[in-house]
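Colleague: Structure incoming, see below.
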Amino acid sequence: MFVLHKMASVSHPLFTSSLRLPTNPSLLFNPIPKQLYHAKFQSFYLINKPHHRFSSSPAAVATDPGTAVSAAIDNNASDEIPVGKVVLPTNESSQTLLRIRHTCAHVMAMAVQKVFPDAKVTIGPWIEHGFYYDFDVEPLTDKDLKKIKKEMDRIIGRNLPLVREEVTRDEAQKRITAINEPYKLELLDSIKQEPITIYHIGNEWWDLCAGPHVETTGNINRKAVQLESVAGAYWRGDVTKPMLQRIYGTAWESEEQLKAYLHFKEEAKRRDHRRLGQDLDLFSIQDDAGGGLVFWHPKGAVVRHIIEDLWKKIHTQRGYDLLYTPHVAKADLWSISGHLDFYKENMYDQMKIEDELYQLRPMNCPYHILIYKRKPHSYRDFPIRVAELGTVYRYELSGSLHGLFRVRGFTQDDAHIFCLEDQIKDEIKGVLDLTEQMLHQFGFDKYEVNLSTKPEKAVGDDDIWVKATGALKDALNDKGWAYEVDEGGGAFYGPKIDLKIEDALGRKWQCSTIQVDFNLPQRFDITYIDSNSERKRPIMIHRAVLGSLERFFGVLIEHYAGDFPLWLSPIQARILPVTDTQLEYCNDLTEKMKASGIRAELCTGERLPKLIRNAEKQKIPLMAVVGPKEVETQSVTVRSRFGGELGTMNVDDFIGKIKDAVDNRTFV
């Protein structure tokens with residue numbers, strides 16, 4: 001087989017799906033008191049690679065790659081985590097690890113064909129946390145995986161050499177035909193370079209491969225390898241081709257690294273937004289309505305409302321005008337914008353209305369341009385900043401849909417800036433400031449920043465590319481943000497900045513993007529009158545901070561493990577009467593708290609211990625217990641999810657503490 005060294009994915013820059021596990025999960029397990037753990041939103045506290053990652057905290061200290069601090073503990077764990085440093089390397093940081101994973105893919109393929117002699121092999125690359133291999137074989141079970149792993153252990157224990165051989169194309173074809181491997185013949189046709197390289201495991205098994213590998217199978221620690229799952233996968237991703245069995249495995253340099261990875265994986269599973277969304281009644285995706293279409297339940301809608309209000313407040317403070325635009329438009333609009341030429345496969349079919357074709361919008365950009373074009377503009381009008389929480393619709397294959405992270409309808413926090421060439425730097429700097437302000441509200445202050453420059457095929461003159469790219473670099477330098485340059489990685493219409501946020505587990509999610517556009521102003525022929533009364537074309541900047549509300553909400557759920565901070569929690573306080581005798585007082589208390597802007601609810605119908613357990617399961621930040629004594633003294637006994645028992649306090653004091661905590665983004 002020919003190992004694919006990189007797995008490419010293509011998606012629109014404003015809606016990039018994230019890997020489910022971190023790209024650099026360096027972990028150091030140290031004891032952490034529960035109190036500190038709760039106060040930090042159940043986080044893994046990571047110090048990450050400094051060369052391209054930035055922390056907005058003034059106290060942030062750059063460290064060497066692979067340095068780390070701690071791991072999260074759940075509410076039922078003991079007060080401390082076992083001590084012991086476990087650094088998880090990456091394929092990029094450890095050539096040894098990459099060779100181990102590559103070789104494990106071959107060893108697994110050899111093992112599969114020993115256990116299932118009729119199995120045909122296809123491709124088996126290393127991936128971010130291990131490897132996988134696709135086989136044409138009958139459906140496999142977990143029991144089969146155990147057999148395969150046992151055979152892998154035997155092969156590893158035999159310490160067989162990995163031997164590289166170069167052959168001609170004709171010789172490779174002859175050998176593949178002799179062992180009846182049809183998929184390998186197809187792969188051979190796709191290999192353009194010569195000679196063809198083959199890797200042997202001993203003298204028993206071989207495959208087309210470019211390498212690299214370990215010297216012998218004995219270099220693999222069998223206790224650091226685990227087969228994780230099996231799934232169906234179409235050959236070459238084509239639904240018209242055979243369904244294959246894909247076996248996923250993970251491999252590390254040591255057993256300790258494997259244990260750390262599995263611990264991390266369990267924590268990620270505990271935080272899975274799809275499960276928490278159901279358990280906490282935040283959102284759903286209904287089969288009756290269709291896949292990839294999100295229903296925001298009352299509690300989730302409250303969080304969305306808070307996010308939207310904050311977003312609107314910050315944008316209006318920073319000089320943006322807010323817009324609302326239609327969800328459909330004539331198909332001609334998408335022809336002018338170029339979407340029908342370059343993006344049609346991601347757009348829904350057109351609708352015929354009174355002999356005209358209409359299209360659901362996949363983007364908001366053309367609408368904002370139409371608003372710009374409604375009247376002439378002078379150079380004195382710039383910069384012009386417009387922003388919209390605009391819902392868009394994009395066709396995604398059902399197999400690619402994933403909770404809130406990959407959907408078919410979502411709301412972008414979209415904005416466009418029209419400016420002059422000499423305003424680009426200041427406007428980019430303003431976007432970076434706004435982005436930092438917005439993300440900091442949610443506890444995100446570690447970023448990975450990438451600057452993508454002019455690709456081989458591009459629109460616009462070289463001088464404007466140089467000026468725009470320089471403006472992006474200057475803005476990043478003025479912010480003091482470290483970044484990596486992706487040479488030639490920009491869009492054909494302009495350079496861009498992409499920013500990934502780091503969550504509590506060290507996973508990175510692309511949310512924010514800033515793109516300079518020379519294309520759409522030309523396509524829509526938008527102009528302004530300069531100081532010499534001549535028509536000029538403005539610069540257009542696309543930008544999003546959160547990316548999409550749906551996806552950002554999913555990130556928040558996993559970042560906080562559903563334990564939202566008080567200011568963001570859909571229910572901030574639950575009133576719990578000891579008996580029904582206190583109901584009248586509790587009803588009055590609930591209404592008073594609501595009148596003060598606190599999201600409070602009364603919960604009855606069960607014995608107090610169960611009411612408390614239910615509130616814990618629903619991750620309610622505060623519980624106000626009311627018995628006869630509290631009614632008599634017009635008080636409440638407060639239990640905080642993060643602060644423990646807070647004792648009895650006056651109702652007004654309780655309300656005041658909540659409001660202060662919300663205003664200051666702290667806990668009660």
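Letters for chains follow the order of the structure tokens (A, B, ...), residue numbers begin at 1 for each chain, and ligand numbers begin at 1 in the order shown.
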Please, which residues in region 479-560 of chain A fall within 10 Å of region 368-372 of chain A when counting only C-alpha atoms, and what is the closest atom pair and distance in Å to one decimal for each, ordered by chain then residue number, as JSON lines?

Modeller:
```
{"residue": "A:Leu520", "atom": "CA", "partner": "A:Ile369", "partner_atom": "CA", "distance": 8.4}
{"residue": "A:Pro521", "atom": "CA", "partner": "A:Ile369", "partner_atom": "CA", "distance": 8.0}
{"residue": "A:Phe524", "atom": "CA", "partner": "A:Ile369", "partner_atom": "CA", "distance": 7.6}
{"residue": "A:Asp525", "atom": "CA", "partner": "A:Ile369", "partner_atom": "CA", "distance": 9.8}
{"residue": "A:Ile526", "atom": "CA", "partner": "A:Ile369", "partner_atom": "CA", "distance": 7.9}
{"residue": "A:Thr527", "atom": "CA", "partner": "A:Tyr372", "partner_atom": "CA", "distance": 9.5}
{"residue": "A:Met540", "atom": "CA", "partner": "A:Ile369", "partner_atom": "CA", "distance": 9.3}
```

Colleague: Please extract the residues of region 110-204 of chain A with a backbone DSSP assignment of alpha helix (DSSP H) and present them as a ChimeraX atom specification.

Modeller: /A:110-115,142-157,169-178,182-190

Colleague: Which of these, A:Trp481, A:Phe552, A:Trp311, A:Trp205, has the shortest distance to Lys429 (chain A) once you count only C-alpha atoms?

Modeller: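 Closest residue, counting only C-alpha atoms: A:Trp481.
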
Colleague: Mind listing the strand (DSSP E or B) residues of region 280-497 of chain A, per DSSP on the backbone, as a ChimeraX atom specification?

Modeller: /A:283-285,294-296,321-322,328-330,351-353,356-360,378,384-393,402,406,409-419,446-452,484-486,491,494,496-497

Colleague: Excluding Phe564 (chain A) and its own-chain neighbours fewer than 5 positions away, which residues fall within 10 Å of it when counting only C-alpha atoms? Please give them as a CSV table (one decimal) with N, CA, C and O atoms, in the first residue's frame.

Modeller:
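So result11.csv came out as:
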```csv
chain,number,residue,atom,x,y,z
A,41,PHE,N,-12.9,26.4,36.1
A,41,PHE,CA,-13.8,25.9,35.1
A,41,PHE,C,-13.4,24.5,34.7
A,41,PHE,O,-13.5,24.1,33.5
A,303,VAL,N,-28.4,30.9,26.6
A,303,VAL,CA,-27.0,31.2,26.4
A,303,VAL,C,-26.8,31.9,25.1
A,303,VAL,O,-26.0,32.8,25.0
A,442,PHE,N,-15.1,34.9,27.5
A,442,PHE,CA,-15.5,33.5,27.6
A,442,PHE,C,-14.4,32.6,28.2
A,442,PHE,O,-14.4,31.4,28.2
A,556,LEU,N,-18.0,25.9,23.7
A,556,LEU,CA,-18.2,26.4,25.1
A,556,LEU,C,-18.7,25.2,26.0
A,556,LEU,O,-18.2,25.1,27.1
A,557,ILE,N,-19.6,24.4,25.5
A,557,ILE,CA,-20.1,23.3,26.3
A,557,ILE,C,-18.9,22.4,26.7
A,557,ILE,O,-18.8,22.0,27.8
A,558,GLU,N,-18.1,22.1,25.7
A,558,GLU,CA,-17.0,21.2,26.0
A,558,GLU,C,-15.9,21.9,26.8
A,558,GLU,O,-15.2,21.2,27.7
A,559,HIS,N,-15.7,23.1,26.6
A,559,HIS,CA,-14.7,23.9,27.4
A,559,HIS,C,-15.0,23.9,28.8
A,559,HIS,O,-14.2,23.6,29.7
A,569,SER,N,-24.5,30.9,32.7
A,569,SER,CA,-25.4,29.8,33.0
A,569,SER,C,-26.8,30.1,32.7
A,569,SER,O,-27.4,31.1,33.1
A,570,PRO,N,-27.5,29.2,32.0
A,570,PRO,CA,-29.0,29.4,31.7
A,570,PRO,C,-29.8,29.5,32.9
A,570,PRO,O,-30.8,30.3,32.9
A,571,ILE,N,-29.6,28.8,33.9
A,571,ILE,CA,-30.2,28.9,35.2
A,571,ILE,C,-29.1,29.2,36.2
A,571,ILE,O,-28.2,28.4,36.5
A,572,GLN,N,-29.2,30.4,36.9
A,572,GLN,CA,-28.2,30.8,37.8
A,572,GLN,C,-28.4,30.3,39.2
A,572,GLN,O,-27.5,30.0,39.9
A,619,LYS,N,-26.1,20.8,36.8
A,619,LYS,CA,-25.0,21.8,36.9
A,619,LYS,C,-25.5,23.2,37.2
A,619,LYS,O,-25.0,24.2,36.6
A,620,ILE,N,-26.4,23.3,38.1
A,620,ILE,CA,-26.9,24.7,38.5
A,620,ILE,C,-25.9,25.3,39.4
A,620,ILE,O,-25.5,24.7,40.4
A,621,PRO,N,-25.4,26.5,39.2
A,621,PRO,CA,-24.4,27.1,40.0
A,621,PRO,C,-24.7,27.3,41.4
A,621,PRO,O,-23.9,27.1,42.3
```

Colleague: Need the shell around Gly218 (chain A): protein/DNA/RNA residues with any atom at most 7 Å away, counting only C-alpha atoms. Skip same-chain ones fewer than 3 positions apart. Format as a ChimeraX atom specification?

Modeller: /A:156-160

Colleague: Record the distance separating CA of Met152 (chain A) and CA of Leu97 (chain A), expressed in Å with one decimal.

Modeller: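 These atoms are spaced 17.5 Å apart.
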
Colleague: Distance CA of Glu487 (chain A)-CA of Val431 (chain A), one decimal place?

Modeller: 22.3 Å

Colleague: Set the distance at 9 Å and use only C-alpha atoms: which residues neighbour Glu166 (chain A) once local chain neighbours fewer than 4 positions away are removed? I'd like the list as a ChimeraX atom specification.

Modeller: /A:194-199

Colleague: Select, from A:Asp309, A:Arg523, A:Ile655, A:Ile179, the residue with the minimum atom-to-atom distance to Glu591 (chain A), counting only C-alpha atoms.

Modeller: A:Ile655

Colleague: When you count only C-alpha atoms, which of these residues is closest to Lys114 (chain A): A:Leu98, A:Ile155, A:Ile307, A:Met347?

Modeller: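 Looking only at the distances to Lys114 (chain A), the closest residue turns out to be A:Ile155.
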
Colleague: Please produce, as JSON lines, a per-residue contact table for region 535-608 of chain A versus region 416-426 of chain A (criterion: any atom at most 12 Å away, only C-alpha atoms considered), showing the nearest atom pair and its distance in Å to one decimal, sorted by chain then residue number.

Modeller:
```
{"residue": "A:Lys536", "atom": "CA", "partner": "A:Leu420", "partner_atom": "CA", "distance": 9.4}
{"residue": "A:Arg537", "atom": "CA", "partner": "A:Leu420", "partner_atom": "CA", "distance": 8.5}
{"residue": "A:Pro538", "atom": "CA", "partner": "A:Leu420", "partner_atom": "CA", "distance": 5.6}
{"residue": "A:Ile539", "atom": "CA", "partner": "A:Cys419", "partner_atom": "CA", "distance": 5.3}
{"residue": "A:Met540", "atom": "CA", "partner": "A:Phe418", "partner_atom": "CA", "distance": 4.7}
{"residue": "A:Ile541", "atom": "CA", "partner": "A:Ile417", "partner_atom": "CA", "distance": 5.0}
{"residue": "A:His542", "atom": "CA", "partner": "A:His416", "partner_atom": "CA", "distance": 4.8}
{"residue": "A:Arg543", "atom": "CA", "partner": "A:His416", "partner_atom": "CA", "distance": 6.3}
{"residue": "A:Ala544", "atom": "CA", "partner": "A:His416", "partner_atom": "CA", "distance": 8.8}
{"residue": "A:Val545", "atom": "CA", "partner": "A:His416", "partner_atom": "CA", "distance": 11.8}
```

Colleague: Which residues come within 12 Å of Leu310 (chain A), counting only C-alpha atoms, excluding same-chain residues fewer than 5 positions away, as a PDB file with all heavy atoms, in the first residue's frame?

Modeller:
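Just written: out.pdb:
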```pdb
ATOM      1  N   VAL A 303     -28.448  30.946  26.603  1.00  0.00           N
ATOM      2  CA  VAL A 303     -27.012  31.153  26.406  1.00  0.00           C
ATOM      3  C   VAL A 303     -26.770  31.883  25.087  1.00  0.00           C
ATOM      4  O   VAL A 303     -25.963  32.809  25.014  1.00  0.00           O
ATOM      5  CB  VAL A 303     -26.254  29.812  26.437  1.00  0.00           C
ATOM      6  CG1 VAL A 303     -24.765  30.047  26.213  1.00  0.00           C
ATOM      7  CG2 VAL A 303     -26.479  29.085  27.757  1.00  0.00           C
ATOM      8  N   ARG A 304     -27.484  31.477  24.045  1.00  0.00           N
ATOM      9  CA  ARG A 304     -27.329  32.158  22.757  1.00  0.00           C
ATOM     10  C   ARG A 304     -27.700  33.638  22.877  1.00  0.00           C
ATOM     11  O   ARG A 304     -27.013  34.499  22.318  1.00  0.00           O
ATOM     12  CB  ARG A 304     -28.186  31.478  21.694  1.00  0.00           C
ATOM     13  CG  ARG A 304     -28.188  32.230  20.367  1.00  0.00           C
ATOM     14  CD  ARG A 304     -28.808  31.441  19.254  1.00  0.00           C
ATOM     15  NE  ARG A 304     -28.877  32.221  18.028  1.00  0.00           N
ATOM     16  CZ  ARG A 304     -28.987  31.710  16.814  1.00  0.00           C
ATOM     17  NH1 ARG A 304     -29.035  30.396  16.658  1.00  0.00           N
ATOM     18  NH2 ARG A 304     -29.047  32.482  15.751  1.00  0.00           N
ATOM     19  N   HIS A 305     -28.771  33.919  23.581  1.00  0.00           N
ATOM     20  CA  HIS A 305     -29.204  35.301  23.767  1.00  0.00           C
ATOM     21  C   HIS A 305     -28.112  36.120  24.463  1.00  0.00           C
ATOM     22  O   HIS A 305     -27.840  37.269  24.073  1.00  0.00           O
ATOM     23  CB  HIS A 305     -30.498  35.330  24.592  1.00  0.00           C
ATOM     24  CG  HIS A 305     -30.998  36.697  24.907  1.00  0.00           C
ATOM     25  ND1 HIS A 305     -31.539  37.536  23.956  1.00  0.00           N
ATOM     26  CD2 HIS A 305     -31.032  37.389  26.073  1.00  0.00           C
ATOM     27  CE1 HIS A 305     -31.884  38.678  24.523  1.00  0.00           C
ATOM     28  NE2 HIS A 305     -31.588  38.620  25.806  1.00  0.00           N
ATOM     29  N   HIS A 315     -19.755  45.240  19.365  1.00  0.00           N
ATOM     30  CA  HIS A 315     -19.646  45.734  17.996  1.00  0.00           C
ATOM     31  C   HIS A 315     -20.139  47.179  17.859  1.00  0.00           C
ATOM     32  O   HIS A 315     -19.520  47.978  17.155  1.00  0.00           O
ATOM     33  CB  HIS A 315     -20.392  44.809  17.034  1.00  0.00           C
ATOM     34  CG  HIS A 315     -19.609  43.594  16.651  1.00  0.00           C
ATOM     35  ND1 HIS A 315     -19.420  42.539  17.502  1.00  0.00           N
ATOM     36  CD2 HIS A 315     -18.936  43.283  15.511  1.00  0.00           C
ATOM     37  CE1 HIS A 315     -18.685  41.615  16.910  1.00  0.00           C
ATOM     38  NE2 HIS A 315     -18.369  42.042  15.700  1.00  0.00           N
ATOM     39  N   THR A 316     -21.235  47.482  18.505  1.00  0.00           N
ATOM     40  CA  THR A 316     -21.723  48.866  18.411  1.00  0.00           C
ATOM     41  C   THR A 316     -20.751  49.824  19.102  1.00  0.00           C
ATOM     42  O   THR A 316     -20.532  50.945  18.632  1.00  0.00           O
ATOM     43  CB  THR A 316     -23.129  49.000  19.019  1.00  0.00           C
ATOM     44  OG1 THR A 316     -23.143  48.469  20.350  1.00  0.00           O
ATOM     45  CG2 THR A 316     -24.150  48.255  18.166  1.00  0.00           C
ATOM     46  N   GLN A 317     -20.136  49.376  20.211  1.00  0.00           N
ATOM     47  CA  GLN A 317     -19.138  50.207  20.886  1.00  0.00           C
ATOM     48  C   GLN A 317     -17.931  50.466  20.001  1.00  0.00           C
ATOM     49  O   GLN A 317     -17.286  51.510  20.109  1.00  0.00           O
ATOM     50  CB  GLN A 317     -18.689  49.540  22.190  1.00  0.00           C
ATOM     51  CG  GLN A 317     -19.718  49.564  23.305  1.00  0.00           C
ATOM     52  CD  GLN A 317     -19.258  48.764  24.515  1.00  0.00           C
ATOM     53  OE1 GLN A 317     -18.306  47.981  24.433  1.00  0.00           O
ATOM     54  NE2 GLN A 317     -19.929  48.953  25.644  1.00  0.00           N
ATOM     55  N   ASP A 413     -21.224  35.011  12.914  1.00  0.00           N
ATOM     56  CA  ASP A 413     -21.056  36.372  13.427  1.00  0.00           C
ATOM     57  C   ASP A 413     -20.198  37.106  12.400  1.00  0.00           C
ATOM     58  O   ASP A 413     -19.005  37.268  12.527  1.00  0.00           O
ATOM     59  CB  ASP A 413     -20.445  36.381  14.824  1.00  0.00           C
ATOM     60  CG  ASP A 413     -18.987  35.968  14.840  1.00  0.00           C
ATOM     61  OD1 ASP A 413     -18.652  34.974  14.167  1.00  0.00           O
ATOM     62  OD2 ASP A 413     -18.187  36.638  15.504  1.00  0.00           O
ATOM     63  N   LEU A 434     -10.834  43.750  18.998  1.00  0.00           N
ATOM     64  CA  LEU A 434     -12.207  43.298  19.243  1.00  0.00           C
ATOM     65  C   LEU A 434     -12.236  41.799  19.507  1.00  0.00           C
ATOM     66  O   LEU A 434     -12.941  41.319  20.412  1.00  0.00           O
ATOM     67  CB  LEU A 434     -13.088  43.652  18.042  1.00  0.00           C
ATOM     68  CG  LEU A 434     -14.595  43.361  18.150  1.00  0.00           C
ATOM     69  CD1 LEU A 434     -15.386  44.325  17.267  1.00  0.00           C
ATOM     70  CD2 LEU A 434     -14.946  41.934  17.751  1.00  0.00           C
ATOM     71  N   GLN A 437     -10.996  41.076  22.974  1.00  0.00           N
ATOM     72  CA  GLN A 437     -11.997  41.480  23.958  1.00  0.00           C
ATOM     73  C   GLN A 437     -13.134  40.471  24.024  1.00  0.00           C
ATOM     74  O   GLN A 437     -13.572  40.073  25.116  1.00  0.00           O
ATOM     75  CB  GLN A 437     -12.560  42.864  23.606  1.00  0.00           C
ATOM     76  CG  GLN A 437     -13.639  43.348  24.573  1.00  0.00           C
ATOM     77  CD  GLN A 437     -14.275  44.661  24.129  1.00  0.00           C
ATOM     78  OE1 GLN A 437     -13.930  45.214  23.071  1.00  0.00           O
ATOM     79  NE2 GLN A 437     -15.194  45.175  24.916  1.00  0.00           N
ATOM     80  N   MET A 438     -13.603  40.034  22.863  1.00  0.00           N
ATOM     81  CA  MET A 438     -14.743  39.116  22.810  1.00  0.00           C
ATOM     82  C   MET A 438     -14.384  37.742  23.383  1.00  0.00           C
ATOM     83  O   MET A 438     -15.094  37.198  24.230  1.00  0.00           O
ATOM     84  CB  MET A 438     -15.207  38.974  21.353  1.00  0.00           C
ATOM     85  CG  MET A 438     -16.496  38.214  21.187  1.00  0.00           C
ATOM     86  SD  MET A 438     -17.927  39.231  21.573  1.00  0.00           S
ATOM     87  CE  MET A 438     -19.235  38.008  21.543  1.00  0.00           C
ATOM     88  N   LEU A 439     -13.278  37.187  22.941  1.00  0.00           N
ATOM     89  CA  LEU A 439     -12.909  35.843  23.379  1.00  0.00           C
ATOM     90  C   LEU A 439     -12.541  35.812  24.855  1.00  0.00           C
ATOM     91  O   LEU A 439     -12.785  34.811  25.545  1.00  0.00           O
ATOM     92  CB  LEU A 439     -11.753  35.321  22.527  1.00  0.00           C
ATOM     93  CG  LEU A 439     -12.072  35.089  21.045  1.00  0.00           C
ATOM     94  CD1 LEU A 439     -10.825  34.631  20.297  1.00  0.00           C
ATOM     95  CD2 LEU A 439     -13.198  34.075  20.875  1.00  0.00           C
ATOM     96  N   HIS A 440     -11.950  36.906  25.345  1.00  0.00           N
ATOM     97  CA  HIS A 440     -11.568  36.963  26.758  1.00  0.00           C
ATOM     98  C   HIS A 440     -12.790  36.857  27.672  1.00  0.00           C
ATOM     99  O   HIS A 440     -12.696  36.338  28.791  1.00  0.00           O
ATOM    100  CB  HIS A 440     -10.799  38.248  27.037  1.00  0.00           C
ATOM    101  CG  HIS A 440     -10.262  38.338  28.433  1.00  0.00           C
ATOM    102  ND1 HIS A 440      -9.210  37.567  28.873  1.00  0.00           N
ATOM    103  CD2 HIS A 440     -10.650  39.091  29.503  1.00  0.00           C
ATOM    104  CE1 HIS A 440      -8.966  37.842  30.139  1.00  0.00           C
ATOM    105  NE2 HIS A 440      -9.819  38.761  30.549  1.00  0.00           N
ATOM    106  N   GLN A 441     -13.943  37.340  27.203  1.00  0.00           N
ATOM    107  CA  GLN A 441     -15.161  37.260  27.998  1.00  0.00           C
ATOM    108  C   GLN A 441     -15.508  35.809  28.340  1.00  0.00           C
ATOM    109  O   GLN A 441     -16.110  35.530  29.377  1.00  0.00           O
ATOM    110  CB  GLN A 441     -16.342  37.888  27.239  1.00  0.00           C
ATOM    111  CG  GLN A 441     -16.169  39.354  26.884  1.00  0.00           C
ATOM    112  CD  GLN A 441     -16.229  40.244  28.106  1.00  0.00           C
ATOM    113  OE1 GLN A 441     -17.036  40.033  28.999  1.00  0.00           O
ATOM    114  NE2 GLN A 441     -15.351  41.236  28.153  1.00  0.00           N
ATOM    115  N   PHE A 442     -15.128  34.882  27.461  1.00  0.00           N
ATOM    116  CA  PHE A 442     -15.501  33.480  27.639  1.00  0.00           C
ATOM    117  C   PHE A 442     -14.354  32.640  28.198  1.00  0.00           C
ATOM    118  O   PHE A 442     -14.443  31.416  28.244  1.00  0.00           O
ATOM    119  CB  PHE A 442     -15.964  32.901  26.297  1.00  0.00           C
ATOM    120  CG  PHE A 442     -17.166  33.592  25.739  1.00  0.00           C
ATOM    121  CD1 PHE A 442     -17.026  34.601  24.801  1.00  0.00           C
ATOM    122  CD2 PHE A 442     -18.443  33.264  26.167  1.00  0.00           C
ATOM    123  CE1 PHE A 442     -18.134  35.254  24.287  1.00  0.00           C
ATOM    124  CE2 PHE A 442     -19.551  33.919  25.664  1.00  0.00           C
ATOM    125  CZ  PHE A 442     -19.399  34.922  24.717  1.00  0.00           C
ATOM    126  N   LEU A 546     -16.369  34.632  16.295  1.00  0.00           N
ATOM    127  CA  LEU A 546     -16.793  33.361  16.876  1.00  0.00           C
ATOM    128  C   LEU A 546     -16.895  32.262  15.824  1.00  0.00           C
ATOM    129  O   LEU A 546     -16.915  31.089  16.162  1.00  0.00           O
ATOM    130  CB  LEU A 546     -18.148  33.524  17.576  1.00  0.00           C
ATOM    131  CG  LEU A 546     -18.222  34.645  18.623  1.00  0.00           C
ATOM    132  CD1 LEU A 546     -19.607  34.692  19.244  1.00  0.00           C
ATOM    133  CD2 LEU A 546     -17.153  34.470  19.701  1.00  0.00           C
ATOM    134  N   TRP A 567     -22.274  33.893  35.086  1.00  0.00           N
ATOM    135  CA  TRP A 567     -22.823  34.917  34.199  1.00  0.00           C
ATOM    136  C   TRP A 567     -23.420  34.333  32.936  1.00  0.00           C
ATOM    137  O   TRP A 567     -24.312  34.912  32.326  1.00  0.00           O
ATOM    138  CB  TRP A 567     -21.742  35.944  33.835  1.00  0.00           C
ATOM    139  CG  TRP A 567     -20.688  35.450  32.876  1.00  0.00           C
ATOM    140  CD1 TRP A 567     -19.558  34.767  33.191  1.00  0.00           C
ATOM    141  CD2 TRP A 567     -20.670  35.622  31.458  1.00  0.00           C
ATOM    142  NE1 TRP A 567     -18.829  34.494  32.062  1.00  0.00           N
ATOM    143  CE2 TRP A 567     -19.483  35.019  30.983  1.00  0.00           C
ATOM    144  CE3 TRP A 567     -21.532  36.240  30.541  1.00  0.00           C
ATOM    145  CZ2 TRP A 567     -19.142  34.997  29.630  1.00  0.00           C
ATOM    146  CZ3 TRP A 567     -21.186  36.221  29.192  1.00  0.00           C
ATOM    147  CH2 TRP A 567     -20.017  35.606  28.750  1.00  0.00           C
ATOM    148  N   LEU A 568     -22.957  33.124  32.543  1.00  0.00           N
ATOM    149  CA  LEU A 568     -23.390  32.512  31.298  1.00  0.00           C
ATOM    150  C   LEU A 568     -24.383  31.376  31.514  1.00  0.00           C
ATOM    151  O   LEU A 568     -25.018  30.909  30.563  1.00  0.00           O
ATOM    152  CB  LEU A 568     -22.153  31.986  30.557  1.00  0.00           C
ATOM    153  CG  LEU A 568     -22.267  31.598  29.094  1.00  0.00           C
ATOM    154  CD1 LEU A 568     -22.765  32.759  28.242  1.00  0.00           C
ATOM    155  CD2 LEU A 568     -20.916  31.095  28.578  1.00  0.00           C
TER     156      LEU A 568
END
```

Colleague: Go through A:Phe405, A:Tyr447, A:Tyr585, A:Phe654 one by one, measure the shortest atom-to-atom distance of each to Asp272 (chain A) using only C-alpha atoms, and give the residue with the smallest value.

Modeller: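 Of A:Phe405, A:Tyr447, A:Tyr585, A:Phe654, the one nearest Asp272 (chain A) is A:Phe405, counting only C-alpha atoms.
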
Colleague: So, counting only C-alpha atoms, which residue among A:Gly443, A:Gly338, A:Pro628, A:Gly130 is closest to Tyr493 (chain A)?

Modeller: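 For Tyr493 (chain A), the nearest of the candidates is A:Gly338.
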
Colleague: Could you please determine the separation between CA of Ser512 (chain A) and CA of Arg374 (chain A) in Å, to one decimal place?

Modeller: 28.9 Å

Colleague: Give the answer as one residue: which of A:Lys150, A:Arg271, A:Arg380, A:Arg639 has the shortest atom-to-atom distance to Gln226 (chain A), using only C-alpha atoms?

Modeller: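 Using only C-alpha atoms, the shortest distance to Gln226 (chain A) belongs to A:Lys150.
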